[in-house]
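To be precise, the following lines are entry.cif, and they hold mmCIF, C-alpha atoms and all ligand atoms.
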```
data_structure
loop_
_atom_site.label_atom_id
_atom_site.label_comp_id
_atom_site.auth_asym_id
_atom_site.auth_seq_id
_atom_site.Cartn_x
_atom_site.Cartn_y
_atom_site.Cartn_z
CA MET X 198 -11.28 6.85 17.59
CA THR X 199 -10.13 8.26 20.87
CA ARG X 200 -6.65 6.81 21.45
CA CYS X 201 -3.48 6.37 19.41
CA ARG X 202 -3.08 2.67 18.72
CA LEU X 203 0.66 2.82 19.21
CA CYS X 204 1.21 4.97 22.31
CA GLY X 205 -2.30 5.27 23.76
CA SER X 206 -2.27 9.08 23.70
CA ALA X 207 -5.52 10.99 23.16
CA ALA X 208 -3.67 13.69 21.20
CA LEU X 209 -4.93 12.79 17.72
CA THR X 210 -5.13 15.66 15.24
CA SER X 211 -6.94 15.61 11.89
CA VAL X 212 -4.63 15.47 8.84
CA VAL X 213 -7.16 14.99 6.05
CA ASP X 214 -10.80 13.91 6.01
CA LEU X 215 -11.63 12.15 2.73
CA GLY X 216 -15.29 11.60 3.61
CA ALA X 217 -17.00 8.19 3.76
CA THR X 218 -16.26 5.70 0.99
CA PRO X 219 -16.86 2.00 0.30
CA PRO X 220 -13.85 -0.36 0.55
CA CYS X 221 -11.72 0.45 -2.49
CA GLU X 222 -11.65 -3.08 -3.92
CA SER X 223 -15.43 -3.65 -3.65
CA PHE X 224 -16.21 -3.35 -7.37
CA LEU X 225 -19.95 -3.76 -8.03
CA ALA X 226 -21.60 -6.25 -10.37
CA ALA X 227 -24.60 -4.97 -12.36
CA ASP X 228 -27.08 -6.74 -10.08
CA GLN X 229 -25.65 -4.92 -7.04
CA LEU X 230 -26.43 -1.45 -8.36
CA ASP X 231 -29.87 -1.35 -6.75
CA LEU X 232 -28.62 -2.59 -3.38
CA PRO X 233 -27.33 -0.49 -0.47
CA GLU X 234 -23.58 0.06 -0.44
CA PRO X 235 -21.92 0.55 2.95
CA ALA X 236 -19.44 3.43 3.20
CA TYR X 237 -16.82 3.89 5.91
CA PRO X 238 -15.19 7.14 7.03
CA LEU X 239 -11.68 7.70 5.68
CA HIS X 240 -10.21 10.22 8.05
CA LEU X 241 -6.46 10.36 8.56
CA ARG X 242 -5.23 11.66 11.90
CA VAL X 243 -1.77 11.95 13.40
CA CYS X 244 -0.80 11.38 17.02
CA THR X 245 1.13 14.43 18.18
CA ASP X 246 2.89 12.37 20.86
CA CYS X 247 4.40 9.56 18.74
CA TRP X 248 3.59 10.95 15.22
CA LEU X 249 1.96 7.75 13.96
CA ALA X 250 -0.55 8.71 11.24
CA GLN X 251 -3.60 6.46 11.40
CA ILE X 252 -7.19 5.85 10.33
CA PRO X 253 -9.83 4.04 12.42
CA PRO X 254 -9.65 0.24 11.91
CA LEU X 255 -13.18 -0.16 10.53
CA ILE X 256 -12.58 -3.02 8.10
CA THR X 257 -10.79 -5.76 9.98
CA PRO X 258 -8.00 -7.82 8.43
CA GLU X 259 -10.16 -10.89 9.10
CA GLU X 260 -12.79 -9.53 6.68
CA THR X 261 -10.24 -8.53 4.10
CA PHE X 262 -7.78 -11.36 4.17
CA THR X 263 -9.35 -14.69 5.14
CA GLN X 264 -10.40 -15.26 1.49
CA TYR X 265 -7.99 -12.87 -0.17
CA ALA X 266 -8.17 -12.64 -3.95
CA TYR X 267 -4.70 -11.22 -4.57
CA PHE X 268 -1.99 -13.65 -5.59
CA SER X 269 1.43 -11.99 -5.61
CA SER X 270 2.79 -14.41 -8.20
CA TYR X 271 0.47 -12.90 -10.83
CA SER X 272 2.76 -9.88 -10.88
CA THR X 273 6.05 -10.59 -12.64
CA SER X 274 7.62 -7.43 -11.23
CA TRP X 275 6.82 -8.58 -7.64
CA VAL X 276 8.29 -12.00 -8.26
CA GLU X 277 11.49 -10.36 -9.52
CA HIS X 278 11.50 -7.93 -6.57
CA ALA X 279 11.25 -10.93 -4.23
CA ARG X 280 14.02 -12.85 -5.98
CA ALA X 281 16.37 -9.88 -5.77
CA PHE X 282 15.44 -9.35 -2.11
CA VAL X 283 16.27 -12.94 -1.13
CA ALA X 284 19.60 -12.83 -2.99
CA ASP X 285 20.48 -9.52 -1.29
CA ALA X 286 19.42 -10.69 2.19
CA VAL X 287 21.44 -13.90 1.95
CA ARG X 288 24.54 -11.87 1.03
CA ARG X 289 23.91 -9.03 3.48
CA LEU X 290 23.25 -11.26 6.50
CA ASP X 291 25.59 -14.04 5.39
CA LEU X 292 22.80 -16.62 5.75
CA GLY X 293 24.15 -20.16 5.56
CA ALA X 294 22.48 -23.36 4.39
CA ASP X 295 21.22 -24.02 7.93
CA ALA X 296 19.49 -20.62 8.28
CA PHE X 297 15.77 -20.41 9.05
CA VAL X 298 13.65 -17.72 7.36
CA VAL X 299 10.08 -16.84 8.34
CA GLU X 300 7.87 -14.58 6.26
CA VAL X 301 4.75 -13.00 7.72
CA ALA X 302 1.88 -12.44 5.26
CA SER X 303 3.72 -14.74 2.88
CA ASN X 304 0.89 -14.76 0.34
CA ASP X 305 1.26 -17.56 -2.23
CA GLY X 306 4.92 -18.15 -1.42
CA TYR X 307 6.16 -15.76 -4.13
CA LEU X 308 9.16 -14.81 -1.93
CA LEU X 309 9.84 -17.95 0.11
CA ARG X 310 10.04 -20.15 -2.99
CA HIS X 311 13.41 -18.47 -3.59
CA VAL X 312 14.46 -19.53 -0.08
CA VAL X 313 13.26 -23.09 -0.78
CA ASP X 314 15.26 -23.05 -4.03
CA ARG X 315 18.40 -22.32 -2.02
CA GLY X 316 17.79 -25.39 0.14
CA MET X 317 17.22 -23.27 3.26
CA ARG X 318 14.54 -23.89 5.88
CA CYS X 319 11.55 -21.53 5.85
CA LEU X 320 8.00 -21.04 7.03
CA GLY X 321 5.28 -18.73 5.75
CA ILE X 322 2.61 -17.33 8.06
CA GLU X 323 -0.39 -16.36 5.94
CA PRO X 324 -3.91 -15.57 7.18
CA SER X 325 -5.71 -16.20 3.89
CA VAL X 326 -6.79 -19.85 3.68
CA ASN X 327 -6.93 -20.13 -0.11
CA VAL X 328 -3.73 -18.20 -0.80
CA GLY X 329 -1.80 -20.19 1.84
CA ALA X 330 -3.01 -23.46 0.28
CA THR X 331 -1.53 -22.34 -3.05
CA ALA X 332 1.82 -21.76 -1.35
CA ARG X 333 1.81 -25.25 0.21
CA ASP X 334 0.99 -26.77 -3.18
CA ALA X 335 4.07 -24.99 -4.54
CA GLY X 336 6.26 -26.57 -1.84
CA VAL X 337 6.46 -23.61 0.56
CA PRO X 338 5.63 -24.66 4.17
CA THR X 339 2.86 -22.28 5.28
CA LEU X 340 0.91 -21.86 8.50
CA THR X 341 -2.58 -20.34 8.26
CA ALA X 342 -2.60 -17.68 10.98
CA PHE X 343 -2.48 -14.00 11.86
CA LEU X 344 0.70 -13.01 13.64
CA ASP X 345 0.35 -12.12 17.31
CA PRO X 346 2.66 -12.82 20.28
CA ALA X 347 1.10 -16.26 20.90
CA THR X 348 1.52 -17.36 17.26
CA GLY X 349 5.11 -16.07 17.35
CA SER X 350 5.93 -18.06 20.50
CA ASP X 351 4.27 -21.22 19.17
CA VAL X 352 6.26 -21.07 15.93
CA ARG X 353 9.50 -20.46 17.84
CA ALA X 354 8.78 -23.39 20.16
CA GLU X 355 8.06 -25.74 17.26
CA HIS X 356 10.59 -24.61 14.63
CA GLY X 357 13.22 -22.69 16.60
CA PRO X 358 14.08 -18.98 16.35
CA ALA X 359 14.33 -17.39 12.91
CA ASP X 360 17.57 -15.90 11.60
CA LEU X 361 15.51 -13.61 9.38
CA VAL X 362 11.87 -12.57 9.69
CA VAL X 363 10.43 -10.83 6.62
CA ALA X 364 7.26 -8.72 6.78
CA ASN X 365 6.65 -6.99 3.45
CA ASN X 366 3.57 -4.90 2.74
CA VAL X 367 1.78 -5.93 5.93
CA TYR X 368 2.94 -3.47 8.63
CA ALA X 369 0.30 -0.94 7.51
CA HIS X 370 -2.45 -3.56 7.33
CA ILE X 371 -2.57 -4.66 10.98
CA PRO X 372 -4.62 -2.63 13.48
CA ASP X 373 -2.75 -4.11 16.47
CA VAL X 374 0.72 -2.70 15.74
CA VAL X 375 2.05 -3.49 19.18
CA GLY X 376 0.82 -7.11 19.22
CA PHE X 377 2.15 -7.69 15.70
CA THR X 378 5.57 -6.23 16.59
CA ARG X 379 5.77 -8.39 19.72
CA GLY X 380 4.94 -11.32 17.45
CA LEU X 381 7.92 -10.42 15.23
CA ARG X 382 10.16 -10.29 18.30
CA ALA X 383 8.88 -13.70 19.44
CA LEU X 384 9.80 -15.19 16.05
CA VAL X 385 13.26 -13.73 15.59
CA ALA X 386 16.45 -15.16 17.13
CA ASP X 387 18.08 -13.02 19.84
CA ASP X 388 20.84 -12.17 17.33
CA GLY X 389 18.58 -12.32 14.25
CA TRP X 390 17.14 -9.76 11.83
CA VAL X 391 13.72 -8.44 10.91
CA SER X 392 13.13 -6.88 7.48
CA ILE X 393 9.98 -4.84 6.88
CA GLU X 394 8.82 -3.08 3.72
CA VAL X 395 6.14 -0.46 4.15
CA GLN X 396 4.92 2.66 2.36
CA HIS X 397 6.77 5.82 3.40
CA LEU X 398 4.66 8.71 4.68
CA LEU X 399 7.36 11.18 3.64
CA THR X 400 6.87 10.46 -0.08
CA LEU X 401 3.10 10.13 0.36
CA ILE X 402 3.06 13.72 1.63
CA GLU X 403 5.81 15.14 -0.59
CA GLU X 404 4.20 13.77 -3.76
CA ASN X 405 0.61 14.33 -2.68
CA GLN X 406 -0.24 10.61 -3.04
CA TYR X 407 -3.39 10.91 -0.98
CA ASP X 408 -5.16 8.29 -3.10
CA THR X 409 -2.93 5.66 -1.45
CA ILE X 410 -4.87 6.27 1.77
CA TYR X 411 -7.54 3.61 2.02
CA HIS X 412 -9.30 1.49 4.60
CA GLU X 413 -6.99 -1.52 4.47
CA HIS X 414 -4.03 0.71 5.40
CA PHE X 415 -4.55 1.48 9.07
CA GLN X 416 -1.32 3.41 9.63
CA TYR X 417 1.25 5.40 7.63
CA TYR X 418 4.84 5.46 8.82
CA THR X 419 7.67 7.87 8.84
CA VAL X 420 10.95 6.26 9.80
CA ALA X 421 10.61 8.20 13.07
CA SER X 422 7.23 6.65 13.91
CA ALA X 423 8.38 3.23 12.68
CA ILE X 424 11.24 3.37 15.20
CA ARG X 425 8.68 3.85 17.98
CA ALA X 426 6.48 1.07 16.61
CA LEU X 427 9.45 -1.33 16.51
CA ALA X 428 10.44 -0.35 20.05
CA SER X 429 6.97 -1.31 21.31
CA GLY X 430 7.93 -4.93 20.61
CA GLY X 431 11.55 -4.77 21.71
CA LEU X 432 13.07 -4.19 18.26
CA ALA X 433 15.43 -1.40 17.18
CA LEU X 434 16.07 0.00 13.73
CA VAL X 435 19.59 -0.56 12.37
CA ASP X 436 19.37 0.43 8.70
CA VAL X 437 16.89 1.71 6.14
CA GLU X 438 16.67 1.56 2.35
CA LEU X 439 14.45 3.81 0.25
CA LEU X 440 12.55 1.89 -2.44
CA PRO X 441 10.45 3.11 -5.39
CA THR X 442 7.66 0.54 -4.79
CA HIS X 443 4.13 1.86 -4.11
CA GLY X 444 5.25 5.37 -5.01
CA GLY X 445 7.86 5.34 -2.23
CA SER X 446 8.50 2.72 0.44
CA VAL X 447 11.08 2.03 3.10
CA ARG X 448 12.80 -1.27 3.86
CA LEU X 449 13.53 -1.31 7.56
CA TRP X 450 16.28 -3.56 8.93
CA ALA X 451 15.71 -4.13 12.64
CA ARG X 452 17.14 -6.35 15.36
CA PRO X 453 16.33 -7.15 18.98
CA ALA X 454 17.16 -3.95 20.88
CA GLU X 455 19.87 -5.69 22.98
CA VAL X 456 22.07 -6.41 19.93
CA ALA X 457 21.09 -3.60 17.54
CA GLY X 458 23.83 -1.06 18.30
CA GLU X 459 23.91 2.36 16.63
CA PRO X 460 21.78 2.99 13.53
CA THR X 461 23.53 3.69 10.22
CA ARG X 462 24.07 7.07 8.63
CA ARG X 463 21.24 6.26 6.20
CA VAL X 464 18.81 6.16 9.14
CA THR X 465 19.88 9.56 10.45
CA ASP X 466 19.76 11.02 6.91
CA VAL X 467 16.12 9.94 6.41
CA LEU X 468 15.21 11.19 9.89
CA ASP X 469 16.73 14.56 8.99
CA ARG X 470 14.69 14.71 5.77
CA GLU X 471 11.49 13.89 7.66
CA LYS X 472 12.25 16.56 10.20
CA ALA X 473 12.95 19.11 7.45
CA ALA X 474 9.57 18.21 5.89
CA GLY X 475 7.90 19.21 9.16
CA LEU X 476 6.72 15.69 10.00
CA GLN X 477 7.61 15.91 13.68
CA GLU X 478 5.41 18.92 14.17
CA LEU X 479 1.98 19.82 12.84
CA SER X 480 3.14 22.08 9.99
CA GLY X 481 4.02 19.20 7.63
CA TYR X 482 0.53 17.75 8.03
CA THR X 483 -1.67 20.84 7.90
CA GLU X 484 -0.22 21.94 4.59
CA PHE X 485 -1.02 18.49 3.14
CA SER X 486 -4.80 18.85 3.55
CA SER X 487 -4.86 22.06 1.54
CA ARG X 488 -2.90 20.40 -1.29
CA VAL X 489 -5.39 17.50 -1.25
CA ALA X 490 -8.28 19.98 -1.43
CA LYS X 491 -6.64 21.65 -4.43
CA VAL X 492 -6.46 18.34 -6.35
CA ARG X 493 -10.23 18.03 -5.95
CA ARG X 494 -10.97 21.60 -7.01
CA ASP X 495 -8.65 21.46 -10.03
CA LEU X 496 -9.90 18.10 -11.26
CA LEU X 497 -13.59 19.00 -10.86
CA ARG X 498 -13.04 22.36 -12.55
CA PHE X 499 -11.35 20.62 -15.48
CA LEU X 500 -14.13 18.02 -15.83
CA VAL X 501 -16.95 20.55 -15.55
CA GLU X 502 -15.35 22.92 -18.06
CA ALA X 503 -14.63 20.08 -20.52
CA ALA X 504 -18.28 18.99 -20.26
CA GLU X 505 -19.49 22.53 -20.87
CA ARG X 506 -17.25 22.82 -23.95
CA GLY X 507 -18.80 19.58 -25.23
CA GLU X 508 -15.50 17.69 -24.94
CA THR X 509 -15.34 14.04 -23.90
CA VAL X 510 -13.30 12.63 -21.02
CA VAL X 511 -12.99 8.93 -20.17
CA GLY X 512 -10.91 7.15 -17.56
CA TYR X 513 -7.95 4.81 -17.89
CA GLY X 514 -7.45 2.18 -15.18
CA ALA X 515 -9.57 1.07 -12.23
CA PRO X 516 -6.97 0.54 -9.51
CA GLY X 517 -8.17 0.34 -5.91
CA LYS X 518 -6.51 3.63 -5.14
CA GLY X 519 -8.33 5.30 -8.04
CA ASN X 520 -11.45 4.81 -5.97
CA THR X 521 -10.16 6.98 -3.14
CA LEU X 522 -9.67 9.77 -5.69
CA LEU X 523 -13.02 9.30 -7.48
CA ASN X 524 -14.99 9.12 -4.23
CA HIS X 525 -13.19 12.03 -2.59
CA CYS X 526 -13.73 14.21 -5.66
CA GLY X 527 -17.33 13.01 -6.11
CA ILE X 528 -16.88 12.09 -9.78
CA ARG X 529 -19.77 10.12 -11.26
CA PRO X 530 -20.70 9.01 -14.81
CA ASP X 531 -22.05 12.45 -15.80
CA LEU X 532 -18.45 13.71 -15.67
CA LEU X 533 -16.66 10.45 -16.44
CA PRO X 534 -18.94 8.10 -18.45
CA TYR X 535 -16.62 5.11 -18.12
CA THR X 536 -13.12 3.95 -17.33
CA VAL X 537 -11.22 1.02 -18.85
CA ASP X 538 -9.01 -1.62 -17.27
CA ARG X 539 -6.84 -4.48 -18.45
CA ASN X 540 -8.15 -6.85 -15.76
CA PRO X 541 -11.04 -8.86 -17.31
CA TYR X 542 -12.51 -9.45 -13.82
CA LYS X 543 -13.43 -5.78 -13.70
CA HIS X 544 -15.13 -5.62 -17.12
CA GLY X 545 -18.87 -5.09 -16.76
CA ARG X 546 -18.41 -4.06 -13.14
CA TYR X 547 -18.69 -0.60 -11.59
CA THR X 548 -16.37 1.43 -9.39
CA PRO X 549 -17.41 1.32 -5.71
CA GLY X 550 -19.37 4.34 -4.55
CA THR X 551 -19.06 6.33 -7.76
CA ARG X 552 -20.54 3.53 -9.95
CA ILE X 553 -18.58 4.32 -13.08
CA PRO X 554 -18.74 1.45 -15.63
CA ILE X 555 -15.47 -0.41 -16.31
CA LEU X 556 -14.94 -1.49 -19.91
CA PRO X 557 -12.14 -3.23 -21.85
CA PRO X 558 -9.27 -0.93 -23.00
CA GLU X 559 -10.24 -1.16 -26.69
CA GLN X 560 -13.18 1.16 -26.00
CA ILE X 561 -10.88 4.21 -25.99
CA ALA X 562 -9.72 3.76 -29.60
CA ALA X 563 -13.32 3.07 -30.65
CA ASP X 564 -14.64 6.29 -29.07
CA ARG X 565 -11.68 8.65 -29.64
CA PRO X 566 -12.30 10.86 -26.57
CA ASP X 567 -10.74 14.32 -26.25
CA TYR X 568 -9.15 13.44 -22.91
CA VAL X 569 -8.13 10.30 -21.03
CA LEU X 570 -7.97 10.73 -17.24
CA VAL X 571 -5.22 8.41 -15.97
CA LEU X 572 -6.12 6.95 -12.57
CA PRO X 573 -2.86 4.98 -11.99
CA TRP X 574 -1.10 8.34 -12.44
CA ASN X 575 1.99 7.04 -10.63
CA LEU X 576 2.84 4.96 -13.75
CA ARG X 577 3.15 8.17 -15.73
CA ALA X 578 6.21 7.41 -17.90
CA GLU X 579 4.97 3.93 -18.77
CA LEU X 580 1.41 5.10 -19.60
CA VAL X 581 2.44 8.12 -21.68
CA GLU X 582 4.17 5.52 -23.84
CA GLN X 583 1.39 2.94 -23.74
CA LEU X 584 -1.42 5.44 -24.45
CA SER X 585 0.44 7.32 -27.18
CA PHE X 586 -2.16 6.04 -29.70
CA VAL X 587 -4.56 8.82 -28.59
CA HIS X 588 -2.29 11.12 -30.60
CA ALA X 589 -3.98 9.72 -33.74
CA TRP X 590 -7.07 11.88 -33.12
CA GLY X 591 -5.45 14.66 -31.06
CA GLY X 592 -6.47 13.17 -27.70
CA ARG X 593 -4.67 14.25 -24.54
CA LEU X 594 -3.84 12.58 -21.24
CA VAL X 595 -4.81 14.06 -17.88
CA PHE X 596 -2.83 13.25 -14.73
CA PRO X 597 -4.67 14.39 -11.57
CA ILE X 598 -1.78 14.01 -9.07
CA PRO X 599 0.59 15.39 -7.75
CA GLU X 600 -1.19 18.29 -9.39
CA LEU X 601 -3.43 18.41 -12.44
CA SER X 602 -1.43 18.23 -15.66
CA ILE X 603 -2.56 17.78 -19.25
CA VAL X 604 -0.13 15.95 -21.51
CA GLU X 605 -0.08 16.10 -25.28
CA VAL X 606 1.40 12.76 -26.33
CA LYS X 607 3.69 12.36 -29.29
CA ALA X 608 3.18 9.78 -32.00
ZN ZN D 1 0.79 7.94 19.55
#
```

Take the structure in the file and write it out as structure tokens.
Ligand SMILES: [Zn+2]
Amino acid sequence: MTRCRLCGSAALTSVVDLGATPPCESFLAADQLDLPEPAYPLHLRVCTDCWLAQIPPLITPEETFTQYAYFSSYSTSWVEHARAFVADAVRRLDLGADAFVVEVASNDGYLLRHVVDRGMRCLGIEPSVNVGATARDAGVPTLTAFLDPATGSDVRAEHGPADLVVANNVYAHIPDVVGFTRGLRALVADDGWVSIEVQHLLTLIEENQYDTIYHEHFQYYTVASAIRALASGGLALVDVELLPTHGGSVRLWARPAEVAGEPTRRVTDVLDREKAAGLQELSGYTEFSSRVAKVRRDLLRFLVEAAERGETVVGYGAPGKGNTLLNHCGIRPDLLPYTVDRNPYKHGRYTPGTRIPILPPEQIAADRPDYVLVLPWNLRAELVEQLSFVHAWGGRLVFPIPELSIVEVKA
């Protein structure tokens, strides 16, 4: 990578190099264990001109998303999040019955079905053929396409400009930020609104969530760099909300620059926090890589010492992001003989790169290990509760991030 994909500058500085890893959702079946496994570098850099943090776009969205396996409606919490969002947006923007809402990366229609329910006009734009077909079956009009300026103009010409364009959990997944943002501008009415939810680099860095860096996320935004990204397509940020989703996300409310006016106090407050965290200079980034290195040293030291004491450690969970952690730390079955997961699809499969077997959750109670290493560590409160049964044999829980901590659960 030689140029920043947002501003074209060559001033890209290393933030953290996590080595080369396979795509984090490429779980292996048993018959794949003797086959080669491609690994791609996972090296985060920041542009010191526009401060967009980015990794090279090695796995294209076309590869990832044209037959995407993830259906948002499987997650009840996402469906509720979407319902609440639509209700809030209708109130906030005073959308009437004749309003037109477009969602980009609309998945299986989990969000737009709430717009359909209100009798309002909508259109989903979804690249994945099979997921988009599910949305159409559920009564949500959906176009199979990636958003670029041409798609945006075509939709506007056919359906008219959109009063609201929603782009949730997609702004990190598109290597062509500028083309995508111009596409948003083409879709939205000249006095309309764009709402974007995306992971927040401030919380990623503050809470050491380096395992949320993976190949499908090409860029990582502060509100400051998001403002520049929006401007590249003629949009301006008006308001921001901080959300707990994905460990810390922002909801950006933007409008065409001509009508946007001054940003709210909430925007300037977040910008101040980002500045105080050193994210508009190199200091905030250089310190991050040493904290990431410490997670690896602490976790490996713990696993090696437990093994030498003859104590057993098994994993809990096989989330995609767990694979960034396992691969970066170089943890294989000699240190972690297996992990368990609630998703039956993963049972009998192996973690990408590190090839740790994934078993059903019942295995933990059968084996009574001394420690359970929790890979979805961000669900700490929920999992301390859910895994409290390890108390029965004096087992303990290990959370690797934000820093290694060993938790004695209560009955
Ligand atoms: Zn740049």

Subject >> Contact residues around Gly550 (chain X) with only C-alpha atoms at 7 Å, ignoring same-chain residues under 3 positions, as a PyMOL selection string >> reply: chain X and resi 218-219+524

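The set of protein, DNA and RNA residues with any counted atom at most 9 Å from (9.4, 13.7, 0.5) (only C-alpha atoms) reads His397, Leu398, Leu399, Thr400, Leu401, Ile402, Glu403, Glu404, Gly445, Arg470, Glu471 and Ala474 of chain X.
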
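Coordinates place CA of Leu497 (chain X) at a distance of 17.0 Å from CA of Arg552 (chain X).
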
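Rounded to one decimal, CA of Gln583 (chain X) and CA of Arg529 (chain X) lie 25.6 Å from each other.
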
**OP:** Go through the chains and note each residue within 9 Å of ligand ZN 1 (chain D), using only C-alpha atoms and all ligand atoms, then give the set as a VMD selection string.
**Re:** chain X and resid 200 to 209 243 to 250 422

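The interatomic distance for the pair CA of Arg539 (chain X) and CA of Ala236 (chain X) works out to 26.3 Å.
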
**OP:** Using all atoms listed in the file, find the one residue out of X:Val298, X:Pro549, X:Tyr513, X:Arg498 that sits nearest to Pro235 (chain X).
**Re:** X:Pro549

Shell of 10 Å around Arg494 (chain X), all atoms listed in the file, local chain residues under 5 positions omitted, as a compact mmCIF listing (two decimals) with C-alpha atoms, keeping the file's coordinate frame:
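And here's result32.txt as it stands now:
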```txt
# COMPACT_ATOMS: atom_id res chain seq x y z
CA ARG X 488 -2.90 20.40 -1.29
CA VAL X 489 -5.39 17.50 -1.25
CA PHE X 499 -11.35 20.62 -15.48
CA CYS X 526 -13.73 14.21 -5.66
CA LEU X 601 -3.43 18.41 -12.44
```
